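*Asks:* Input file: input-v4.txt. Contents: compact mmCIF, C-alpha atoms.
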```txt
# COMPACT_ATOMS: atom_id res chain seq x y z
CA MET A 264 111.28 69.05 -35.17
CA LYS A 265 108.30 68.99 -37.53
CA LYS A 266 108.50 65.19 -37.56
CA ARG A 267 108.39 65.05 -33.73
CA ILE A 268 105.38 67.37 -33.64
CA ALA A 269 103.56 65.23 -36.22
CA ILE A 270 104.25 62.07 -34.23
CA LEU A 271 103.09 63.76 -31.00
CA CYS A 272 99.84 64.89 -32.65
CA CYS A 273 99.18 61.36 -33.91
CA LEU A 274 99.73 59.93 -30.44
CA MET A 275 97.40 62.50 -28.88
CA MET A 276 94.68 61.74 -31.46
CA LEU A 277 95.09 58.02 -30.82
CA LEU A 278 94.84 58.54 -27.05
CA ILE A 279 91.65 60.61 -27.42
CA GLN A 280 90.16 57.98 -29.72
CA VAL A 281 91.01 55.10 -27.35
CA THR A 282 89.59 56.98 -24.33
CA THR A 283 86.36 57.82 -26.14
CA ASN A 284 85.98 54.31 -27.50
CA THR A 285 86.58 52.82 -24.05
CA LYS A 286 83.63 54.76 -22.65
CA VAL A 287 81.40 53.71 -25.52
CA ILE A 288 82.54 50.09 -25.33
CA ALA A 289 81.84 49.97 -21.59
CA ALA A 290 78.28 51.12 -22.19
CA THR A 291 77.85 48.83 -25.18
CA ASN A 292 79.10 45.72 -23.37
CA TYR A 293 76.60 46.24 -20.59
CA SER A 294 73.70 47.48 -22.68
CA GLY A 295 70.62 45.35 -22.32
CA GLU A 296 68.37 44.09 -19.54
CA TRP A 297 69.49 43.03 -16.07
CA SER A 298 67.41 41.45 -13.34
CA ASN A 299 67.34 39.93 -9.88
CA TYR A 300 64.34 37.86 -8.77
CA SER A 301 63.36 36.52 -5.38
CA ASP A 302 60.31 34.73 -3.98
CA ILE A 303 58.34 36.15 -1.08
CA GLY A 304 56.58 33.41 0.84
CA ASN A 305 54.85 30.78 -1.30
CA TYR A 306 53.27 32.97 -3.97
CA GLY A 307 54.77 36.45 -3.62
CA MET A 308 57.64 37.86 -5.66
CA ASP A 309 60.08 40.73 -5.92
CA GLU A 310 61.98 41.55 -9.09
CA MET A 311 64.43 44.36 -9.69
CA ARG A 312 65.26 45.30 -13.27
CA LEU A 313 67.83 47.52 -14.89
CA THR A 314 67.74 48.56 -18.53
CA ILE A 315 70.79 50.19 -20.14
CA LYS A 316 70.56 51.59 -23.66
CA ASP A 317 73.72 52.74 -25.39
CA ASN A 318 73.23 56.12 -27.06
CA GLY A 319 76.77 56.62 -28.30
CA LYS A 320 78.83 58.46 -25.72
CA LYS A 321 75.96 58.43 -23.23
CA ALA A 322 73.79 55.61 -21.95
CA SER A 323 70.22 55.88 -20.70
CA VAL A 324 69.47 53.91 -17.54
CA GLU A 325 66.16 52.86 -15.99
CA ALA A 326 65.97 50.94 -12.72
CA SER A 327 62.67 49.50 -11.52
CA GLU A 328 61.39 47.22 -8.79
CA ASP A 329 58.09 45.29 -8.86
CA THR A 330 56.70 43.59 -5.77
CA PHE A 331 53.56 41.49 -5.40
CA ILE A 332 52.45 39.95 -2.10
CA PRO A 333 49.18 37.99 -2.46
CA ARG A 334 46.67 38.40 0.33
CA ASP A 335 47.24 35.71 2.98
CA ASP A 336 49.91 34.25 0.63
CA THR A 337 47.33 31.90 -0.93
CA ARG A 338 47.13 30.34 -4.37
CA GLU A 339 43.66 31.80 -4.92
CA SER A 340 44.87 35.35 -4.25
CA TYR A 341 47.88 34.78 -6.51
CA LEU A 342 45.75 33.55 -9.41
CA ASN A 343 43.28 36.43 -9.04
CA GLY A 344 45.93 39.10 -8.53
CA ILE A 345 44.58 40.07 -5.09
CA GLY A 346 47.18 41.53 -2.78
CA LYS A 347 49.74 44.27 -2.38
CA MET A 348 51.41 45.48 -5.57
CA ARG A 349 54.12 48.12 -5.72
CA SER A 350 56.31 49.47 -8.53
CA HIS A 351 59.20 51.89 -8.21
CA VAL A 352 61.19 53.55 -11.04
CA VAL A 353 64.21 55.84 -11.23
CA TYR A 354 66.06 56.79 -14.41
CA GLY A 355 68.72 59.03 -15.92
CA SER A 356 71.53 59.45 -18.45
CA VAL A 357 75.10 58.50 -17.59
CA TYR A 358 78.67 58.32 -18.84
CA PHE A 359 80.52 55.11 -17.98
CA ASN A 360 84.17 55.66 -17.09
CA THR A 361 86.91 53.21 -18.01
CA LYS A 362 86.33 51.34 -14.73
CA GLY A 363 82.71 50.67 -15.64
CA GLN A 364 81.33 53.17 -13.14
CA ALA A 365 78.50 55.65 -13.60
CA SER A 366 76.00 57.60 -11.51
CA PHE A 367 73.00 59.88 -11.81
CA ASN A 368 70.69 61.93 -9.60
CA PHE A 369 66.94 61.52 -9.72
CA LYS A 370 63.98 63.35 -8.20
CA ASP A 371 60.22 62.95 -8.44
CA ASP A 372 57.23 62.95 -6.06
CA TYR A 373 58.46 59.83 -4.24
CA ASN A 374 62.22 59.78 -4.76
CA LYS A 375 65.16 62.09 -4.27
CA GLY A 376 68.56 60.50 -4.36
CA LYS A 377 71.54 59.17 -6.27
CA MET A 378 72.08 55.93 -8.17
CA ASN A 379 75.61 54.52 -8.42
CA ILE A 380 76.34 51.78 -10.96
CA GLN A 381 79.35 49.47 -10.93
CA LEU A 382 79.91 46.97 -13.72
CA GLN A 383 81.42 43.66 -12.63
CA LYS A 384 82.54 40.52 -14.45
CA ASP A 385 79.39 38.43 -13.89
CA TYR A 386 76.88 41.02 -12.71
CA ILE A 387 76.09 44.68 -12.33
CA GLN A 388 75.86 46.34 -8.94
CA ILE A 389 73.59 49.30 -8.25
CA THR A 390 73.36 51.36 -5.09
CA TRP A 391 70.49 53.74 -4.42
CA LYS A 392 70.72 56.34 -1.66
CA GLY A 393 67.50 58.29 -1.34
CA ASN A 394 66.03 60.69 1.17
CA ASP A 395 62.47 59.37 0.89
CA SER A 396 61.44 56.13 2.58
CA SER A 397 57.75 55.72 1.76
CA GLU A 398 56.38 52.46 0.39
CA TYR A 399 56.28 54.13 -3.04
CA SER A 400 59.99 55.04 -3.01
CA PHE A 401 62.79 53.07 -4.64
CA PRO A 402 64.41 50.99 -1.86
CA ASN A 403 67.70 52.12 -0.38
CA GLY A 404 70.53 49.62 -0.59
CA THR A 405 72.98 47.82 -2.84
CA PHE A 406 71.74 45.17 -5.27
CA LYS A 407 73.28 42.68 -7.70
CA LEU A 408 71.56 42.16 -11.04
CA TYR A 409 72.33 39.66 -13.79
CA LYS A 410 72.21 40.08 -17.55
CA LYS A 411 69.53 38.76 -19.85
CA ILE A 412 71.10 36.73 -22.65
CA LYS A 413 69.94 35.43 -25.99
CA VAL A 414 69.73 31.70 -26.61
CA THR A 415 68.75 29.81 -29.73
CA SER A 416 65.23 28.45 -30.10
CA THR A 417 66.73 24.94 -29.96
CA GLU A 418 68.44 25.62 -26.63
CA SER A 419 65.36 27.37 -25.24
CA LYS A 420 63.26 24.33 -26.12
CA LYS A 421 65.82 22.03 -24.51
CA MET A 422 65.65 24.11 -21.32
CA GLY A 423 61.87 23.88 -21.35
CA VAL A 424 62.00 20.10 -21.75
CA PHE A 425 64.45 19.88 -18.86
CA LEU A 426 62.17 21.84 -16.51
CA SER A 427 59.11 19.93 -17.74
CA ASN A 428 60.66 16.76 -16.29
CA PHE A 429 59.91 18.23 -12.86
CA THR A 430 56.56 19.91 -13.41
CA GLU A 431 55.08 16.83 -15.12
CA VAL A 432 55.59 14.88 -11.87
CA PHE A 433 54.27 17.81 -9.80
CA LEU A 434 57.63 18.70 -8.28
CA ASP A 435 56.96 22.44 -8.22
CA ARG A 436 59.51 23.51 -5.62
CA PHE A 437 63.11 22.50 -5.08
CA ASP A 438 66.13 24.05 -3.40
CA SER A 439 69.47 22.25 -3.43
CA LYS A 440 70.27 23.92 -0.09
CA LYS A 441 67.20 22.32 1.51
CA ILE A 442 67.13 18.80 0.06
CA ASN A 443 64.10 16.68 0.87
CA SER A 444 64.65 12.93 0.41
CA THR A 445 60.93 12.30 -0.07
CA ASP A 446 60.83 14.71 -3.02
CA LEU A 447 63.86 13.04 -4.62
CA ILE A 448 62.37 9.56 -4.22
CA HIS A 449 59.06 10.79 -5.64
CA PHE A 450 60.88 12.27 -8.64
CA GLY A 451 63.05 9.20 -9.22
CA ILE A 452 60.00 6.91 -9.33
CA TRP A 453 57.57 9.04 -11.32
CA HIS A 454 60.07 10.37 -13.83
CA ASN A 455 60.82 6.80 -14.86
CA TYR A 456 57.15 5.82 -14.77
CA MET A 457 56.34 8.57 -17.26
CA ASN A 458 59.44 8.45 -19.46
CA ASN A 459 61.06 5.00 -19.11
CA TYR A 460 58.13 2.71 -18.35
CA ASP A 461 59.05 -0.09 -20.76
CA THR A 462 62.69 -0.33 -19.72
CA ARG A 463 62.66 0.46 -15.99
CA ILE A 464 59.24 -0.40 -14.59
CA SER A 465 58.13 -4.00 -13.93
CA SER A 466 55.13 -5.74 -12.38
CA ALA A 467 54.88 -6.54 -8.69
CA LYS A 468 52.33 -8.31 -6.48
CA ASP A 469 48.64 -7.39 -6.37
CA GLY A 470 48.79 -5.31 -9.56
CA LEU A 471 51.42 -2.95 -8.17
CA LEU A 472 54.63 -1.84 -9.92
CA PHE A 473 58.33 -2.05 -9.11
CA ILE A 474 61.41 0.06 -9.88
CA SER A 475 64.94 -0.77 -8.75
CA LYS A 476 66.77 1.57 -6.42
CA LYS A 477 69.57 1.88 -9.00
CA ASN A 478 67.21 3.35 -11.59
CA VAL A 479 65.91 5.79 -9.00
CA GLU A 480 69.49 6.75 -8.09
CA ASP A 481 70.48 7.20 -11.74
CA SER A 482 67.64 9.64 -12.40
CA ILE A 483 68.33 11.63 -9.25
CA TYR A 484 71.99 11.93 -10.20
CA LYS A 485 71.22 12.92 -13.79
CA TYR A 486 68.87 15.76 -12.92
CA PHE A 487 70.16 16.91 -9.50
CA ASN A 488 73.80 15.75 -9.53
CA ILE A 489 73.16 14.04 -6.17
CA GLN A 490 74.57 10.62 -5.21
CA PHE A 491 71.44 9.39 -3.46
CA ILE A 492 71.65 6.67 -0.76
CA ASN A 493 68.89 7.62 1.68
CA HIS A 494 66.38 5.01 0.55
CA LYS A 495 63.29 4.45 2.71
CA SER A 496 59.56 3.85 2.51
CA VAL A 497 57.69 7.13 2.12
CA ASP A 498 54.08 8.06 1.37
CA ARG A 499 52.78 5.57 -1.21
CA TYR A 500 56.17 4.05 -1.98
CA GLU A 501 57.26 0.87 -0.18
CA TYR A 502 61.01 0.27 -0.11
CA ASN A 503 62.00 -3.43 0.15
CA GLY A 504 65.77 -3.12 0.06
CA LYS A 505 66.02 -3.64 -3.69
CA GLY A 506 63.70 -0.94 -4.90
CA TYR A 507 60.24 0.57 -4.59
CA ILE A 508 56.79 -0.97 -4.91
CA PHE A 509 54.11 1.54 -5.84
CA ASP A 510 50.72 2.04 -7.44
CA GLY A 511 51.00 3.53 -10.93
CA ALA A 512 47.51 5.01 -11.07
CA ASP A 513 47.56 8.51 -12.57
CA GLY A 514 45.30 10.72 -14.68
CA ALA A 515 45.87 14.23 -13.32
CA GLN A 516 46.59 17.00 -15.83
CA ILE A 517 50.30 17.64 -16.21
CA ASN A 518 52.08 20.90 -16.96
CA TYR A 519 55.05 21.57 -19.22
CA VAL A 520 57.29 24.63 -19.22
CA LYS A 521 58.01 27.16 -21.94
CA VAL A 522 61.19 29.11 -21.18
CA GLU A 523 60.82 32.77 -22.13
CA THR A 524 63.84 34.51 -20.61
CA VAL A 525 67.36 33.46 -19.65
CA TYR A 526 69.77 35.33 -17.37
CA ASP A 527 73.49 34.61 -16.96
CA LEU A 528 74.40 34.29 -13.27
CA GLY A 529 78.05 33.52 -13.98
CA GLN A 530 80.02 30.36 -13.16
CA ASN A 531 77.90 28.34 -15.64
CA LYS A 532 74.68 29.12 -13.77
CA LEU A 533 71.56 30.32 -15.55
CA ARG A 534 68.28 31.68 -14.29
CA LEU A 535 65.37 30.49 -16.42
CA SER A 536 62.04 32.29 -16.39
CA GLY A 537 58.93 30.99 -18.11
CA LYS A 538 55.32 29.87 -18.06
CA LEU A 539 53.36 26.64 -17.66
CA TYR A 540 51.17 25.16 -20.37
CA ASN A 541 48.99 22.11 -21.03
CA PRO A 542 50.80 19.89 -23.59
CA GLU A 543 47.51 18.25 -24.59
CA ASP A 544 45.87 21.54 -25.60
CA ASP A 545 47.69 23.60 -28.24
CA THR A 546 45.19 26.45 -27.87
CA ALA A 547 45.56 26.79 -24.09
CA GLU A 548 47.08 30.01 -22.81
CA LEU A 549 50.36 30.11 -20.96
CA ARG A 550 49.79 30.46 -17.24
CA GLY A 551 51.49 30.57 -13.90
CA GLN A 552 55.11 31.50 -13.40
CA VAL A 553 58.24 29.33 -13.39
CA GLU A 554 61.60 30.47 -12.02
CA ALA A 555 64.58 28.14 -11.95
CA VAL A 556 68.34 28.19 -11.48
CA VAL A 557 70.25 25.54 -13.39
CA ILE A 558 73.90 24.64 -13.81
CA LYS A 559 75.01 24.18 -17.39
CA THR A 560 77.53 21.37 -17.82
CA LYS A 561 79.24 19.74 -20.77
CA ASN A 562 80.17 16.06 -20.95
CA ASN A 563 81.66 14.54 -24.11
CA ASN A 564 80.53 17.59 -26.15
CA GLU A 565 76.97 17.13 -24.90
CA ILE A 566 75.37 19.97 -22.97
CA ARG A 567 73.13 19.06 -20.05
CA TYR A 568 71.56 20.89 -17.12
CA VAL A 569 71.44 20.21 -13.40
CA LEU A 570 68.67 21.70 -11.26
CA GLU A 571 69.69 23.92 -8.36
CA LYS A 572 66.43 25.71 -7.60
CA LEU A 573 62.85 25.64 -8.88
CA THR A 574 59.63 27.47 -8.12
CA ALA A 575 56.52 26.84 -10.22
CA LYS A 576 53.47 28.88 -9.26
CA ASN A 577 50.11 27.88 -10.71
```
Here is a file; write its structure as structure tokens.
*Replies:*
Amino acid sequence: MKKRIAILCCLMMLLIQVTTNTKVIAATNYSGEWSNYSDIGNYGMDEMRLTIKDNGKKASVEASEDTFIPRDDTRESYLNGIGKMRSHVVYGSVYFNTKGQASFNFKDDYNKGKMNIQLQKDYIQITWKGNDSSEYSFPNGTFKLYKKIKVTSTESKKMGVFLSNFTEVFLDRFDSKKINSTDLIHFGIWHNYMNNYDTRISSAKDGLLFISKKNVEDSIYKYFNIQFINHKSVDRYEYNGKGYIFDGADGAQINYVKVETVYDLGQNKLRLSGKLYNPEDDTAELRGQVEAVVIKTKNNNEIRYVLEKLTAKN
């Protein structure tokens, strides 16, 4: 009898320990910073952030949203910070259950409501239901946010080099759901002009230059994973059936990208956030804002990236 009681006590202690640890582990696994970013017009932005800090059995949570809409959606207003800016914050302390769920109530001068949090495999979902609906209140609705991850300095630099391939040829906006053949042709020509001049660019008539359509196709496939066939004459590029004849005159200042933050979107997709800089001036300040979504692939033990979306504001 005493032996059965001892065994039962051990099992109960083990169950209590597992239950407690499960709550702590849930909070620990999802501790950190989460974010969801979206563009508004050409120069506006909206970013929602969630910060979870594990405090043992409890976790502190802060959810915020920052919105900036430049006046008239112009570059000048964006650079000078002229426009409508709004920030909203709600916060509280929570216990995560074994299903990764938690909630808290919050009240201040602009908000009165409840935040529900649901942890998922690739993201975290938050739902805010508030009674206030002023422009200073946290927005009602359900939102998906993705976790900020750490990468090595080597990988961060490699990401920056990848994105710089686009900004150096002034391709500042791209969306794989809205493919523009002119942009792809422009990239295929100028990327090779700047990086593969000796091996892929040759002389043409009247001091012009020539690049074969195959070299253009190869570059488009490498960086966009697109099998390009829609060759045509566009802008300053004359297509002759074999390739493109163009004028190689340049001289404009180019921008490179420094990646500062990386978020895991799941399914091998990453959101990269960073700044632009002048590679010819080591003392120049970082400027502008770069947001990109890339697909991380691995071929023959070599990691490479494919561009899905890019917005560079400067």
*Asks:* Work out how far apart atom CA of Ile474 of chain A and atom CA of Thr430 of chain A are and give it in Å to one decimal.
*Replies:*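 Interatomic distance here is 20.7 Å.
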*Asks:* Record the distance separating atom CA of Asn455 of chain A and atom CA of Leu533 of chain A, expressed in Å with one decimal.
*Replies:*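 If I compute the distance from atom CA of Asn455 of chain A to atom CA of Leu533 of chain A, I get 25.9 Å.
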*Asks:* For a cut-off of 9 Å around (71.6, 50.2, -22.1), file coordinates, pick out all residues using only C-alpha atoms and list them as a ChimeraX atom specification.
*Replies:* /A:290-296,313-318,322-325
*Asks:* Rounded to one decimal place, report the atom CA of Thr361 of chain A-atom CA of Leu382 of chain A distance in Å.
*Replies:* 10.3 Å
*Asks:* Can you tell me, as a PyMOL selection string, what residues are no more than 10 Å from Gln530 of chain A when counting only C-alpha atoms, ignoring any on the same chain fewer than 6 positions away?
*Replies:* chain A and resi 385+558-559
*Asks:* Could you pull the residues within 7 Å of Tyr300 of chain A, counting only C-alpha atoms, minus those fewer than 6 positions along the same chain, as a list in words?
*Replies:*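 Contacts, with the query itself left out: Asp309, Glu310 and Met311 of chain A.
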*Asks:* For Leu535 of chain A, find every residue with an atom within 9 Å (counting all atoms listed in the file), except residues of its own chain fewer than 4 positions away, and show them as a PyMOL selection string.
*Replies:* chain A and resi 422-423+522-526+553-557
*Asks:* Please write the residues from the selection above to a file, keeping C-alpha atoms, as an mmCIF file, keeping the file's coordinate frame.
*Replies:*
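So part_30.cif came out as:
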```cif
data_model
loop_
_atom_site.group_PDB
_atom_site.id
_atom_site.type_symbol
_atom_site.label_atom_id
_atom_site.label_comp_id
_atom_site.auth_asym_id
_atom_site.auth_seq_id
_atom_site.Cartn_x
_atom_site.Cartn_y
_atom_site.Cartn_z
ATOM 1 C CA MET A 422 65.650 24.110 -21.320
ATOM 2 C CA GLY A 423 61.870 23.880 -21.350
ATOM 3 C CA VAL A 522 61.190 29.110 -21.180
ATOM 4 C CA GLU A 523 60.820 32.770 -22.130
ATOM 5 C CA THR A 524 63.840 34.510 -20.610
ATOM 6 C CA VAL A 525 67.360 33.460 -19.650
ATOM 7 C CA TYR A 526 69.770 35.330 -17.370
ATOM 8 C CA VAL A 553 58.240 29.330 -13.390
ATOM 9 C CA GLU A 554 61.600 30.470 -12.020
ATOM 10 C CA ALA A 555 64.580 28.140 -11.950
ATOM 11 C CA VAL A 556 68.340 28.190 -11.480
ATOM 12 C CA VAL A 557 70.250 25.540 -13.390
#
```
*Asks:* Check the smallest atom-to-atom distance from each of A:Asn428, A:Ser396, A:Gln516, A:Asn493 to Leu570 of chain A using all atoms listed in the file, then report the winner.
*Replies:*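 Among the listed residues, the smallest separation from Leu570 of chain A belongs to A:Asn428.
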*Asks:* Is there a way to get, as a PyMOL selection string, all residues within 12 Å of the point (49.6, 21.4, -25.3) in file coordinates, counting all atoms listed in the file?
*Replies:* chain A and resi 516-521+539-549
*Asks:* Given the choices A:Ser327, A:Ser416, A:Ser397, A:Asn458, which gets closest to Met378 of chain A if the distance is worked out from all atoms listed in the file?
*Replies:*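 Of A:Ser327, A:Ser416, A:Ser397, A:Asn458, the one nearest Met378 of chain A is A:Ser327, counting all atoms listed in the file.
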*Asks:* Do a neighbour search on segment 494-510 of chain A at 6 Å with only C-alpha atoms, toss out local chain neighbours closer than 2 positions, and write the hits as a CSV table (one decimal) with C-alpha atoms, in the coordinates of the input.
*Replies:*
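Result went into out-v6.csv, see below:
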```csv
chain,number,residue,atom,x,y,z
A,471,LEU,CA,51.4,-3.0,-8.2
A,472,LEU,CA,54.6,-1.8,-9.9
A,473,PHE,CA,58.3,-2.0,-9.1
A,474,ILE,CA,61.4,0.1,-9.9
A,475,SER,CA,64.9,-0.8,-8.8
A,476,LYS,CA,66.8,1.6,-6.4
A,492,ILE,CA,71.6,6.7,-0.8
A,512,ALA,CA,47.5,5.0,-11.1
```
*Asks:* Can you tell me, as a PyMOL selection string, what residues are no more than 9 Å from Phe429 of chain A when counting all atoms listed in the file, ignoring any on the same chain fewer than 5 positions away?
*Replies:* chain A and resi 434-436+450+454+519+573
*Asks:* Counting all atoms listed in the file, which of A:Lys421, A:Lys377, A:Arg463, A:Lys362 gets nearest to Gly404 of chain A?
*Replies:*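 Comparing A:Lys421, A:Lys377, A:Arg463, A:Lys362 against Gly404 of chain A, the winner is A:Lys377.
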*Asks:* Nearest to Asp395 of chain A among A:Leu426, A:Ile452, A:Lys407, A:Asp371, with distances taken over all atoms listed in the file: which residue is it?
*Replies:*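 Closest to Asp395 of chain A, using all atoms listed in the file: A:Asp371.
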*Asks:* Taking only C-alpha atoms into account, name the residue in A:Ile303, A:Ala326, A:Ile442, A:Ala575 that is nearest to Thr390 of chain A.
*Replies:* A:Ala326
*Asks:* Please reconstruct the missing atoms of segment 456-469 of chain A (target: N, CA, C and O atoms) and return them as a compact mmCIF listing (two decimals), keeping the file's coordinate frame.
*Replies:*
```
# COMPACT_ATOMS: atom_id res chain seq x y z
N TYR A 456 58.48 6.32 -14.43
CA TYR A 456 57.15 5.82 -14.77
C TYR A 456 56.63 6.51 -16.02
O TYR A 456 56.03 5.86 -16.90
N MET A 457 56.89 7.82 -16.14
CA MET A 457 56.34 8.57 -17.26
C MET A 457 57.23 8.55 -18.50
O MET A 457 56.75 8.70 -19.62
N ASN A 458 58.53 8.34 -18.33
CA ASN A 458 59.44 8.45 -19.46
C ASN A 458 60.19 7.16 -19.81
O ASN A 458 60.72 7.04 -20.91
N ASN A 459 60.29 6.23 -18.87
CA ASN A 459 61.06 5.00 -19.11
C ASN A 459 60.28 3.77 -18.67
O ASN A 459 60.86 2.81 -18.13
N TYR A 460 58.99 3.77 -18.88
CA TYR A 460 58.13 2.71 -18.35
C TYR A 460 58.55 1.33 -18.87
O TYR A 460 58.67 0.37 -18.11
N ASP A 461 58.77 1.22 -20.17
CA ASP A 461 59.05 -0.09 -20.76
C ASP A 461 60.38 -0.68 -20.33
O ASP A 461 60.54 -1.91 -20.31
N THR A 462 61.35 0.18 -20.02
CA THR A 462 62.69 -0.33 -19.72
C THR A 462 63.03 -0.37 -18.23
O THR A 462 63.95 -1.07 -17.82
N ARG A 463 62.28 0.36 -17.40
CA ARG A 463 62.66 0.46 -15.99
C ARG A 463 61.56 0.08 -15.00
O ARG A 463 61.83 -0.05 -13.80
N ILE A 464 60.35 -0.07 -15.48
CA ILE A 464 59.24 -0.40 -14.59
C ILE A 464 58.80 -1.84 -14.86
O ILE A 464 58.64 -2.26 -16.01
N SER A 465 58.59 -2.61 -13.80
CA SER A 465 58.13 -4.00 -13.93
C SER A 465 56.94 -4.25 -13.00
O SER A 465 56.62 -3.42 -12.14
N SER A 466 56.31 -5.39 -13.18
CA SER A 466 55.13 -5.74 -12.38
C SER A 466 55.53 -6.28 -11.02
O SER A 466 56.57 -6.93 -10.86
N ALA A 467 54.68 -6.02 -10.03
CA ALA A 467 54.88 -6.54 -8.69
C ALA A 467 53.58 -7.22 -8.24
O ALA A 467 52.66 -7.39 -9.03
N LYS A 468 53.50 -7.59 -6.99
CA LYS A 468 52.33 -8.31 -6.48
C LYS A 468 51.09 -7.42 -6.46
O LYS A 468 51.19 -6.18 -6.38
N ASP A 469 49.94 -8.05 -6.54
CA ASP A 469 48.64 -7.39 -6.37
C ASP A 469 48.44 -6.22 -7.34
O ASP A 469 47.83 -5.21 -6.99
```
